[in-house]
Amino acid sequence: MSDFLRGFLGDWHALVVLVLAGVIPNQLWRMLGLWLGSGLDEGSDLLMWVKAVATAILAGVIAQILVEPPGALASVPASLRYSALVAGFAAFMLTRRSIFAGVVCGELVMIAGKWWLG
């Protein structure tokens with residue numbers, strides 16, 4: 001392996017383990033879920049409950065990241081983190097609930113604010 005690839009990829013054994021232990025089993029469970037879930041009614045009470053629980057867990061994770069940011073996000077001021085959240089939510093609502101637009105807008109506010117603050 002060339003020095004460039006070794007520097008870029010690092011230890012190739014770790015990548016093989018990642019693919020074998022992480023990606024392949026994940027894809028198998030996803031395909032199994034598609035196969036088993038194809039006959040379910042999306043409006044059923046069970047799936048509405050599952051959607052509500054998943055949304056609540058996601059909201060909890062976002063709140064925890066905002067209040068107690070991990071790693072490099074801890075160097076970003078709280079006002080900037082909350083501003084990015086508000087901007088992302090506004091973009092989400094203004095673009096007829098486009099998750100992509102909300103995420104991109106929030107990221108742009110975060111990056112621009114961090115660049116402006118130095």
# chains A, B, ... in the order shown; residues from 1 in each chain; ligands from 1
>>> residues_around(residues="Ile65 (chain A)", least_positions_apart="4", cutoff="12 Å", atoms="only C-alpha atoms", output="list in words")
Leu58, Ala59, Gly60, Val61, Pro69, Pro70, Gly71, Ala72, Leu73, Ala74, Val76, Ala78, Arg81, Tyr82 and Leu85 of chain A
>>> residues_around(residues="Gly88 (chain A)", least_positions_apart="6", cutoff="12 Å", atoms="only C-alpha atoms", output="list of chain:residue names")
A:Arg81, A:Tyr82, A:Leu94, A:Thr95, A:Arg97, A:Ser98, A:Ile99, A:Phe100, A:Ala101, A:Gly102, A:Val103, A:Val104, A:Cys105, A:Gly106, A:Glu107, A:Leu108, A:Val109, A:Met110
>>> write_last_selection(atoms="C-alpha atoms", output="mmCIF file, in the first residue's frame")
data_model
loop_
_atom_site.group_PDB
_atom_site.id
_atom_site.type_symbol
_atom_site.label_atom_id
_atom_site.label_comp_id
_atom_site.auth_asym_id
_atom_site.auth_seq_id
_atom_site.Cartn_x
_atom_site.Cartn_y
_atom_site.Cartn_z
ATOM 1 C CA ARG A 81 -25.948 26.218 19.238
ATOM 2 C CA TYR A 82 -29.465 27.415 20.075
ATOM 3 C CA LEU A 94 -40.740 27.141 5.808
ATOM 4 C CA THR A 95 -39.823 24.436 3.300
ATOM 5 C CA ARG A 97 -41.099 20.100 6.525
ATOM 6 C CA SER A 98 -37.983 19.319 4.531
ATOM 7 C CA ILE A 99 -35.540 17.627 6.909
ATOM 8 C CA PHE A 100 -32.708 18.211 4.444
ATOM 9 C CA ALA A 101 -33.331 21.967 4.341
ATOM 10 C CA GLY A 102 -33.510 22.145 8.144
ATOM 11 C CA VAL A 103 -30.265 20.259 8.642
ATOM 12 C CA VAL A 104 -28.399 22.229 5.972
ATOM 13 C CA CYS A 105 -29.621 25.561 7.340
ATOM 14 C CA GLY A 106 -28.685 24.649 10.914
ATOM 15 C CA GLU A 107 -25.242 23.485 9.813
ATOM 16 C CA LEU A 108 -24.653 26.641 7.788
ATOM 17 C CA VAL A 109 -25.588 28.834 10.754
ATOM 18 C CA MET A 110 -23.304 26.793 13.015
#
>>> select_by_dssp(residues="chain A", states="alpha helix (DSSP H)", output="count of residues only")
87
